[in-house]
file protein_2.pdb (PDB, C-alpha atoms, pLDDT in the B column)
ATOM      1  CA  MET W   1     -33.479  -3.655  51.049  1.00 57.00           C
ATOM      2  CA  ALA W   2     -30.049  -4.590  52.265  1.00 66.00           C
ATOM      3  CA  VAL W   3     -27.129  -4.607  49.857  1.00 68.00           C
ATOM      4  CA  ASN W   4     -24.441  -7.060  50.691  1.00 82.00           C
ATOM      5  CA  ARG W   5     -20.843  -6.445  49.898  1.00 82.00           C
ATOM      6  CA  ARG W   6     -20.542  -9.253  47.328  1.00 83.00           C
ATOM      7  CA  SER W   7     -23.326  -7.923  45.073  1.00 82.00           C
ATOM      8  CA  ALA W   8     -22.022  -4.352  45.411  1.00 78.00           C
ATOM      9  CA  ILE W   9     -18.536  -5.425  44.275  1.00 85.00           C
ATOM     10  CA  LYS W  10     -20.047  -7.436  41.393  1.00 82.00           C
ATOM     11  CA  GLN W  11     -22.067  -4.422  40.213  1.00 83.00           C
ATOM     12  CA  LEU W  12     -19.012  -2.183  40.522  1.00 80.00           C
ATOM     13  CA  LEU W  13     -17.032  -4.600  38.322  1.00 81.00           C
ATOM     14  CA  TYR W  14     -19.796  -4.617  35.685  1.00 78.00           C
ATOM     15  CA  VAL W  15     -19.916  -0.833  35.594  1.00 79.00           C
ATOM     16  CA  SER W  16     -16.127  -0.460  35.400  1.00 82.00           C
ATOM     17  CA  ALA W  17     -15.880  -3.081  32.624  1.00 76.00           C
ATOM     18  CA  GLY W  18     -18.589  -1.260  30.698  1.00 74.00           C
ATOM     19  CA  MET W  19     -16.743   2.027  31.092  1.00 75.00           C
ATOM     20  CA  ALA W  20     -13.538   0.416  29.843  1.00 76.00           C
ATOM     21  CA  LEU W  21     -15.262  -1.022  26.735  1.00 73.00           C
ATOM     22  CA  LEU W  22     -17.301   2.087  25.911  1.00 65.00           C
ATOM     23  CA  PRO W  23     -14.536   4.003  24.028  1.00 64.00           C
ATOM     24  CA  ALA W  24     -13.891   0.975  21.799  1.00 57.00           C
ATOM     25  CA  CYS W  25     -17.581   0.783  20.945  1.00 56.00           C
ATOM     26  CA  LEU W  26     -17.767   4.465  20.038  1.00 55.00           C
ATOM     27  CA  GLN W  27     -14.718   4.375  17.757  1.00 52.00           C
ATOM     28  CA  HIS W  28     -15.727   5.124  14.143  1.00 53.00           C
ATOM     29  CA  THR W  29     -12.512   4.165  12.396  1.00 55.00           C
ATOM     30  CA  SER W  30     -11.383   0.608  11.965  1.00 60.00           C
ATOM     31  CA  ARG W  31      -7.969  -0.708  12.924  1.00 63.00           C
ATOM     32  CA  ALA W  32      -5.252  -1.349  10.380  1.00 58.00           C
ATOM     33  CA  SER W  33      -4.238  -4.924   9.669  1.00 60.00           C
ATOM     34  CA  LEU W  34      -0.555  -4.115  10.338  1.00 67.00           C
ATOM     35  CA  THR W  35       1.104  -2.787  13.450  1.00 72.00           C
ATOM     36  CA  LEU W  36       3.714  -0.308  12.318  1.00 77.00           C
ATOM     37  CA  LYS W  37       6.524   1.171  14.409  1.00 82.00           C
ATOM     38  CA  HIS W  38       6.980   4.658  12.999  1.00 78.00           C
ATOM     39  CA  ILE W  39       3.806   5.634  11.142  1.00 85.00           C
ATOM     40  CA  SER W  40       0.183   5.419  12.191  1.00 83.00           C
ATOM     41  CA  VAL W  41      -2.474   4.434   9.657  1.00 83.00           C
ATOM     42  CA  ASP W  42      -6.058   3.489  10.507  1.00 85.00           C
ATOM     43  CA  GLY W  43      -8.153   0.865   8.725  1.00 82.00           C
ATOM     44  CA  ASP W  44      -9.968   3.358   6.492  1.00 88.00           C
ATOM     45  CA  GLN W  45      -6.681   4.808   5.264  1.00 87.00           C
ATOM     46  CA  GLU W  46      -5.408   1.281   4.597  1.00 89.00           C
ATOM     47  CA  LYS W  47      -8.532   0.518   2.551  1.00 91.00           C
ATOM     48  CA  MET W  48      -8.069   3.743   0.605  1.00 91.00           C
ATOM     49  CA  LEU W  49      -4.440   2.828  -0.057  1.00 92.00           C
ATOM     50  CA  ALA W  50      -5.522  -0.644  -1.235  1.00 92.00           C
ATOM     51  CA  GLU W  51      -7.954   0.917  -3.703  1.00 92.00           C
ATOM     52  CA  LEU W  52      -5.285   3.374  -4.860  1.00 92.00           C
ATOM     53  CA  VAL W  53      -2.768   0.631  -5.665  1.00 93.00           C
ATOM     54  CA  ASP W  54      -5.539  -1.309  -7.395  1.00 93.00           C
ATOM     55  CA  THR W  55      -6.285   1.757  -9.511  1.00 92.00           C
ATOM     56  CA  ILE W  56      -2.590   2.114 -10.374  1.00 93.00           C
ATOM     57  CA  ILE W  57      -2.271  -1.571 -11.408  1.00 91.00           C
ATOM     58  CA  PRO W  58      -5.795  -2.966 -11.873  1.00 92.00           C
ATOM     59  CA  ALA W  59      -6.684  -6.624 -12.212  1.00 90.00           C
ATOM     60  CA  THR W  60      -6.961  -7.841 -15.808  1.00 90.00           C
ATOM     61  CA  THR W  61      -6.038 -11.345 -16.913  1.00 90.00           C
ATOM     62  CA  THR W  62      -3.401 -11.075 -14.194  1.00 89.00           C
ATOM     63  CA  PRO W  63      -4.112 -10.153 -10.572  1.00 92.00           C
ATOM     64  CA  GLY W  64      -3.962  -6.493  -9.668  1.00 91.00           C
ATOM     65  CA  ALA W  65      -1.702  -4.824  -7.140  1.00 91.00           C
ATOM     66  CA  LYS W  66      -4.319  -5.112  -4.393  1.00 91.00           C
ATOM     67  CA  ALA W  67      -4.534  -8.886  -4.836  1.00 91.00           C
ATOM     68  CA  LEU W  68      -0.755  -9.115  -4.449  1.00 91.00           C
ATOM     69  CA  SER W  69      -0.867  -6.949  -1.258  1.00 90.00           C
ATOM     70  CA  ALA W  70       1.110  -4.072  -2.741  1.00 92.00           C
ATOM     71  CA  HIS W  71      -0.577  -1.698  -0.274  1.00 91.00           C
ATOM     72  CA  LEU W  72       0.850  -3.635   2.668  1.00 91.00           C
ATOM     73  CA  PHE W  73       4.278  -3.645   1.027  1.00 92.00           C
ATOM     74  CA  THR W  74       3.973   0.137   0.623  1.00 92.00           C
ATOM     75  CA  LEU W  75       3.133   0.575   4.304  1.00 91.00           C
ATOM     76  CA  ILE W  76       5.987  -1.647   5.459  1.00 89.00           C
ATOM     77  CA  MET W  77       8.526   0.032   3.185  1.00 91.00           C
ATOM     78  CA  MET W  78       7.367   3.490   4.260  1.00 90.00           C
ATOM     79  CA  ASP W  79       7.612   2.460   7.915  1.00 89.00           C
ATOM     80  CA  ASP W  80      10.993   0.733   7.689  1.00 89.00           C
ATOM     81  CA  CYS W  81      12.995   2.393   4.924  1.00 89.00           C
ATOM     82  CA  TYR W  82      12.122   6.093   4.801  1.00 89.00           C
ATOM     83  CA  LYS W  83      13.320   8.978   6.951  1.00 91.00           C
ATOM     84  CA  LYS W  84      11.071  10.526   9.584  1.00 92.00           C
ATOM     85  CA  GLU W  85      10.576  13.694   7.486  1.00 93.00           C
ATOM     86  CA  GLU W  86       9.537  11.620   4.453  1.00 91.00           C
ATOM     87  CA  GLN W  87       7.175   9.528   6.579  1.00 90.00           C
ATOM     88  CA  ASP W  88       5.527  12.681   7.928  1.00 92.00           C
ATOM     89  CA  GLN W  89       5.271  14.145   4.437  1.00 92.00           C
ATOM     90  CA  TRP W  90       3.770  10.891   3.123  1.00 91.00           C
ATOM     91  CA  LEU W  91       1.201  10.770   5.944  1.00 91.00           C
ATOM     92  CA  SER W  92       0.157  14.384   5.408  1.00 92.00           C
ATOM     93  CA  GLY W  93       0.002  13.646   1.667  1.00 91.00           C
ATOM     94  CA  LEU W  94      -2.242  10.659   2.393  1.00 90.00           C
ATOM     95  CA  LYS W  95      -4.703  12.925   4.193  1.00 91.00           C
ATOM     96  CA  ALA W  96      -4.399  15.615   1.524  1.00 90.00           C
ATOM     97  CA  PHE W  97      -4.994  13.003  -1.215  1.00 89.00           C
ATOM     98  CA  GLU W  98      -8.316  12.140   0.390  1.00 90.00           C
ATOM     99  CA  GLN W  99      -9.193  15.849   0.516  1.00 90.00           C
ATOM    100  CA  ALA W 100      -8.208  16.210  -3.154  1.00 88.00           C
ATOM    101  CA  SER W 101     -10.572  13.366  -4.014  1.00 88.00           C
ATOM    102  CA  LYS W 102     -13.399  15.056  -2.130  1.00 88.00           C
ATOM    103  CA  LYS W 103     -12.629  18.350  -3.867  1.00 88.00           C
ATOM    104  CA  LEU W 104     -12.488  16.855  -7.375  1.00 86.00           C
ATOM    105  CA  ASN W 105     -15.203  14.194  -7.134  1.00 85.00           C
ATOM    106  CA  GLY W 106     -17.333  15.413  -4.249  1.00 88.00           C
ATOM    107  CA  LYS W 107     -16.768  12.145  -2.373  1.00 88.00           C
ATOM    108  CA  SER W 108     -13.991  10.158  -0.777  1.00 89.00           C
ATOM    109  CA  PHE W 109     -11.653   7.990  -2.831  1.00 87.00           C
ATOM    110  CA  LEU W 110     -13.325   4.809  -1.538  1.00 87.00           C
ATOM    111  CA  GLU W 111     -16.781   6.040  -2.570  1.00 87.00           C
ATOM    112  CA  SER W 112     -15.626   7.231  -6.005  1.00 87.00           C
ATOM    113  CA  THR W 113     -16.238   5.235  -9.151  1.00 89.00           C
ATOM    114  CA  VAL W 114     -13.367   3.741 -11.135  1.00 90.00           C
ATOM    115  CA  ALA W 115     -13.655   6.526 -13.730  1.00 91.00           C
ATOM    116  CA  GLN W 116     -13.507   9.200 -11.010  1.00 90.00           C
ATOM    117  CA  ARG W 117     -10.469   7.507  -9.443  1.00 89.00           C
ATOM    118  CA  GLU W 118      -8.704   7.384 -12.793  1.00 91.00           C
ATOM    119  CA  ALA W 119      -9.533  11.069 -13.396  1.00 89.00           C
ATOM    120  CA  LEU W 120      -7.963  11.938 -10.048  1.00 88.00           C
ATOM    121  CA  LEU W 121      -4.818   9.968 -10.894  1.00 88.00           C
ATOM    122  CA  THR W 122      -4.653  11.666 -14.287  1.00 89.00           C
ATOM    123  CA  THR W 123      -4.739  14.999 -12.461  1.00 86.00           C
ATOM    124  CA  MET W 124      -1.944  13.776 -10.176  1.00 84.00           C
ATOM    125  CA  GLU W 125       0.114  12.704 -13.204  1.00 85.00           C
ATOM    126  CA  ALA W 126      -0.304  16.195 -14.709  1.00 83.00           C
ATOM    127  CA  GLY W 127       1.197  17.739 -11.556  1.00 73.00           C
ATOM    128  CA  TRP W 128       4.039  15.207 -11.378  1.00 66.00           C
ATOM    129  CA  ASN W 129       6.775  17.766 -10.678  1.00 70.00           C
ATOM    130  CA  ASN W 130       4.958  19.544  -7.859  1.00 78.00           C
ATOM    131  CA  LYS W 131       6.754  19.630  -4.524  1.00 80.00           C
ATOM    132  CA  ASP W 132       3.645  19.448  -2.316  1.00 85.00           C
ATOM    133  CA  ASP W 133       2.717  16.589   0.018  1.00 86.00           C
ATOM    134  CA  VAL W 134       0.029  15.151  -2.269  1.00 87.00           C
ATOM    135  CA  SER W 135       2.456  14.792  -5.173  1.00 88.00           C
ATOM    136  CA  PHE W 136       5.082  13.241  -2.900  1.00 91.00           C
ATOM    137  CA  PHE W 137       2.492  10.786  -1.573  1.00 90.00           C
ATOM    138  CA  TYR W 138       1.316   9.810  -5.044  1.00 91.00           C
ATOM    139  CA  ARG W 139       4.809   9.504  -6.574  1.00 91.00           C
ATOM    140  CA  THR W 140       6.109   7.442  -3.661  1.00 92.00           C
ATOM    141  CA  THR W 141       3.043   5.204  -3.545  1.00 93.00           C
ATOM    142  CA  LYS W 142       3.174   4.611  -7.300  1.00 93.00           C
ATOM    143  CA  HIS W 143       6.888   3.777  -7.140  1.00 94.00           C
ATOM    144  CA  LEU W 144       6.405   1.352  -4.242  1.00 94.00           C
ATOM    145  CA  THR W 145       3.367  -0.225  -5.908  1.00 95.00           C
ATOM    146  CA  ILE W 146       5.327  -0.949  -9.078  1.00 94.00           C
ATOM    147  CA  GLN W 147       8.235  -2.266  -7.009  1.00 94.00           C
ATOM    148  CA  ALA W 148       5.918  -4.533  -5.012  1.00 94.00           C
ATOM    149  CA  TYR W 149       4.196  -5.834  -8.122  1.00 94.00           C
ATOM    150  CA  THR W 150       7.335  -6.515 -10.141  1.00 92.00           C
ATOM    151  CA  SER W 151       9.078  -8.237  -7.236  1.00 91.00           C
ATOM    152  CA  SER W 152       6.093 -10.384  -6.227  1.00 91.00           C
ATOM    153  CA  LYS W 153       6.195 -14.154  -6.468  1.00 90.00           C
ATOM    154  CA  TYR W 154       3.337 -14.173  -8.983  1.00 91.00           C
ATOM    155  CA  PHE W 155       5.061 -11.737 -11.345  1.00 90.00           C
ATOM    156  CA  LEU W 156       8.435 -13.473 -11.175  1.00 87.00           C
ATOM    157  CA  THR W 157       7.016 -16.959 -11.732  1.00 88.00           C
ATOM    158  CA  ASN W 158       4.203 -16.291 -14.231  1.00 88.00           C
ATOM    159  CA  VAL W 159       4.766 -13.010 -16.059  1.00 87.00           C
ATOM    160  CA  ASN W 160       8.497 -12.407 -16.200  1.00 83.00           C
ATOM    161  CA  VAL W 161      10.023 -15.755 -15.333  1.00 79.00           C
ATOM    162  CA  TYR W 162      13.068 -15.181 -13.166  1.00 74.00           C
ATOM    163  CA  GLU W 163      16.149 -17.295 -13.822  1.00 73.00           C
ATOM    164  CA  LEU W 164      18.749 -17.504 -11.098  1.00 74.00           C
ATOM    165  CA  VAL W 165      21.526 -17.740 -13.653  1.00 72.00           C
ATOM    166  CA  PRO W 166      20.690 -15.633 -16.697  1.00 66.00           C
ATOM    167  CA  ALA W 167      22.360 -17.877 -19.281  1.00 70.00           C
ATOM    168  CA  ARG W 168      22.136 -21.530 -20.119  1.00 71.00           C
ATOM    169  CA  PHE W 169      25.191 -23.785 -20.389  1.00 72.00           C
ATOM    170  CA  LYS W 170      25.263 -25.825 -23.563  1.00 73.00           C
ATOM    171  CA  GLY W 171      28.258 -28.098 -23.358  1.00 77.00           C
ATOM    172  CA  CYS W 172      27.896 -30.101 -26.573  1.00 81.00           C
ATOM    173  CA  VAL W 173      27.526 -27.588 -29.361  1.00 78.00           C
ATOM    174  CA  PRO W 174      29.186 -28.320 -32.695  1.00 81.00           C
ATOM    175  CA  LEU W 175      31.592 -25.651 -33.799  1.00 78.00           C
ATOM    176  CA  LYS W 176      31.638 -24.374 -37.325  1.00 81.00           C
ATOM    177  CA  PRO W 177      34.985 -23.309 -38.654  1.00 79.00           C
ATOM    178  CA  ILE W 178      35.222 -19.667 -39.502  1.00 77.00           C
ATOM    179  CA  THR W 179      36.700 -19.014 -42.861  1.00 78.00           C
ATOM    180  CA  ARG W 180      37.831 -15.537 -43.685  1.00 76.00           C
ATOM    181  CA  LYS W 181      39.199 -14.321 -46.906  1.00 74.00           C
ATOM    182  CA  ILE W 182      42.157 -12.053 -46.648  1.00 73.00           C
ATOM    183  CA  ALA W 183      42.050  -9.376 -49.268  1.00 63.00           C
TER     184      ALA W 183
END

call {"tool": "encode", "arguments": {"input": "protein_2.pdb", "output": "structure tokens"}}
result
Amino acid sequence: MAVNRRSAIKQLLYVSAGMALLPACLQHTSRASLTLKHISVDGDQEKMLAELVDTIIPATTTPGAKALSAHLFTLIMMDDCYKKEEQDQWLSGLKAFEQASKKLNGKSFLESTVAQREALLTTMEAGWNNKDDVSFFYRTTKHLTIQAYTSSKYFLTNVNVYELVPARFKGCVPLKPITRKIA
């Protein structure tokens, strides 16, 4: 059977395209929804962070922190506003937080129940003054979550209505004379 050059080149292109796509097919972690400049977070870590902020401020009659994208705010602030050393410490704390969840609950933070997540956060609150990476990660994430929530459009228009000028001008108010008795 004779192989012509055109079919050989076509088969070579199919094989090379398959080899180029193979690593993407074998990748187990998902991609993050944000492209960050200074820190690298995969999709699973982003999901874990979303569940963490939702555990910090859960949804009740008002939306929770996850619904207001506080986890994305946290990632952007960490990427843009923190020093390289703090970013590295936060990233290592992120990984150590997942390990702490596996140690305490026997499963990852995403697989844990709400009660197990709250128990882990209670443990983190007890070690608030620790100087390790996990405590830094939790403190920073909690601070940024609260900042994201309280500066969100929903919070400022529905919960704590923001007024541009904090006082009202009332131009036509009758004055009452003040009478003082001098003793």

call {"tool": "atom_distance", "arguments": {"input": "protein_2.pdb", "atom1": "CA of Leu72 (chain W)", "atom2": "CA of Asn130 (chain W)"}}
result
25.8 Å

call {"tool": "atom_distance", "arguments": {"input": "protein_2.pdb", "atom1": "CA of Thr140 (chain W)", "atom2": "CA of Pro63 (chain W)"}}
result
21.5 Å

call {"tool": "closest_residue", "arguments": {"input": "protein_2.pdb", "among": "W:Ile76, W:Ala8, W:Leu164, W:Ile178", "to": "Thr35 (chain W)", "atoms": "only C-alpha atoms"}}
result
W:Ile76

call {"tool": "closest_residue", "arguments": {"input": "protein_2.pdb", "among": "W:Val173, W:Trp90, W:Ala148, W:Glu118", "to": "Asp132 (chain W)", "atoms": "only C-alpha atoms"}}
result
W:Trp90

call {"tool": "residues_near_point", "arguments": {"input": "protein_2.pdb", "point": "(-15.7, 1.8, -4.9)", "cutoff": "12 Å", "atoms": "all atoms listed in the file", "output": "VMD selection string"}}
result
chain W and resid 47 to 48 50 to 52 54 to 55 107 to 118

call {"tool": "write_last_selection", "arguments": {"input": "protein_2.pdb", "atoms": "C-alpha atoms", "output": "mmCIF file, in the coordinates of the input"}}
result
data_model
loop_
_atom_site.group_PDB
_atom_site.id
_atom_site.type_symbol
_atom_site.label_atom_id
_atom_site.label_comp_id
_atom_site.auth_asym_id
_atom_site.auth_seq_id
_atom_site.Cartn_x
_atom_site.Cartn_y
_atom_site.Cartn_z
ATOM 1 C CA LYS W 47 -8.532 0.518 2.551
ATOM 2 C CA MET W 48 -8.069 3.743 0.605
ATOM 3 C CA ALA W 50 -5.522 -0.644 -1.235
ATOM 4 C CA GLU W 51 -7.954 0.917 -3.703
ATOM 5 C CA LEU W 52 -5.285 3.374 -4.860
ATOM 6 C CA ASP W 54 -5.539 -1.309 -7.395
ATOM 7 C CA THR W 55 -6.285 1.757 -9.511
ATOM 8 C CA LYS W 107 -16.768 12.145 -2.373
ATOM 9 C CA SER W 108 -13.991 10.158 -0.777
ATOM 10 C CA PHE W 109 -11.653 7.990 -2.831
ATOM 11 C CA LEU W 110 -13.325 4.809 -1.538
ATOM 12 C CA GLU W 111 -16.781 6.040 -2.570
ATOM 13 C CA SER W 112 -15.626 7.231 -6.005
ATOM 14 C CA THR W 113 -16.238 5.235 -9.151
ATOM 15 C CA VAL W 114 -13.367 3.741 -11.135
ATOM 16 C CA ALA W 115 -13.655 6.526 -13.730
ATOM 17 C CA GLN W 116 -13.507 9.200 -11.010
ATOM 18 C CA ARG W 117 -10.469 7.507 -9.443
ATOM 19 C CA GLU W 118 -8.704 7.384 -12.793
#

call {"tool": "atom_distance", "arguments": {"input": "protein_2.pdb", "atom1": "CA of Gly43 (chain W)", "atom2": "CA of Leu75 (chain W)"}}
result
12.1 Å

call {"tool": "resolve_selection", "arguments": {"input": "protein_2.pdb", "expression": "the PyMOL selection byres ((chain W and resi 36) around 12)", "output": "list in words"}}
result
Arg31, Ala32, Ser33, Leu34, Thr35, Lys37, His38, Ile39, Ser40, Val41, Asp42, Leu72, Phe73, Thr74, Leu75, Ile76, Met77, Met78, Asp79, Asp80 and Gln87 of chain W

call {"tool": "resolve_selection", "arguments": {"input": "protein_2.pdb", "expression": "the PyMOL selection byres ((chain W and resi 137) around 10)", "output": "list in words"}}
result
Glu86, Gln87, Gln89, Trp90, Leu91, Ser92, Gly93, Leu94, Lys95, Ala96, Phe97, Asp132, Asp133, Val134, Ser135, Phe136, Tyr138, Arg139, Thr140, Thr141, Lys142 and His143 of chain W

call {"tool": "closest_residue", "arguments": {"input": "protein_2.pdb", "among": "W:Ser151, W:Gln45, W:Thr122, W:Gln11", "to": "Ala65 (chain W)", "atoms": "only C-alpha atoms"}}
result
W:Ser151

call {"tool": "axis_aligned_box", "arguments": {"input": "protein_2.pdb", "around": "region 81-85 of chain W", "padding_each_side": "8 Å", "output": "JSON"}}
result
{"center_x": 11.9, "center_y": 8.0, "center_z": 7.2, "size_x": 18.7, "size_y": 27.3, "size_z": 20.8}

call {"tool": "closest_residue", "arguments": {"input": "protein_2.pdb", "among": "W:Thr61, W:Gln147, W:Ser69, W:Ser101", "to": "Met124 (chain W)", "atoms": "all atoms listed in the file"}}
result
W:Ser101

call {"tool": "closest_residue", "arguments": {"input": "protein_2.pdb", "among": "W:Lys176, W:Ser7, W:Val53, W:Leu12", "to": "Leu144 (chain W)", "atoms": "only C-alpha atoms"}}
result
W:Val53

call {"tool": "residues_around", "arguments": {"input": "protein_2.pdb", "residues": "Tyr162 (chain W)", "least_positions_apart": "4", "cutoff": "12 Å", "atoms": "all atoms listed in the file", "output": "tab-separated table (two decimals) with C-alpha atoms, in the frame of the given file"}}
result
chain	number	residue	atom	x	y	z
W	150	THR	CA	7.34	-6.52	-10.14
W	151	SER	CA	9.08	-8.24	-7.24
W	152	SER	CA	6.09	-10.38	-6.23
W	153	LYS	CA	6.20	-14.15	-6.47
W	154	TYR	CA	3.34	-14.17	-8.98
W	155	PHE	CA	5.06	-11.74	-11.34
W	156	LEU	CA	8.44	-13.47	-11.18
W	157	THR	CA	7.02	-16.96	-11.73
W	158	ASN	CA	4.20	-16.29	-14.23
W	166	PRO	CA	20.69	-15.63	-16.70
W	167	ALA	CA	22.36	-17.88	-19.28
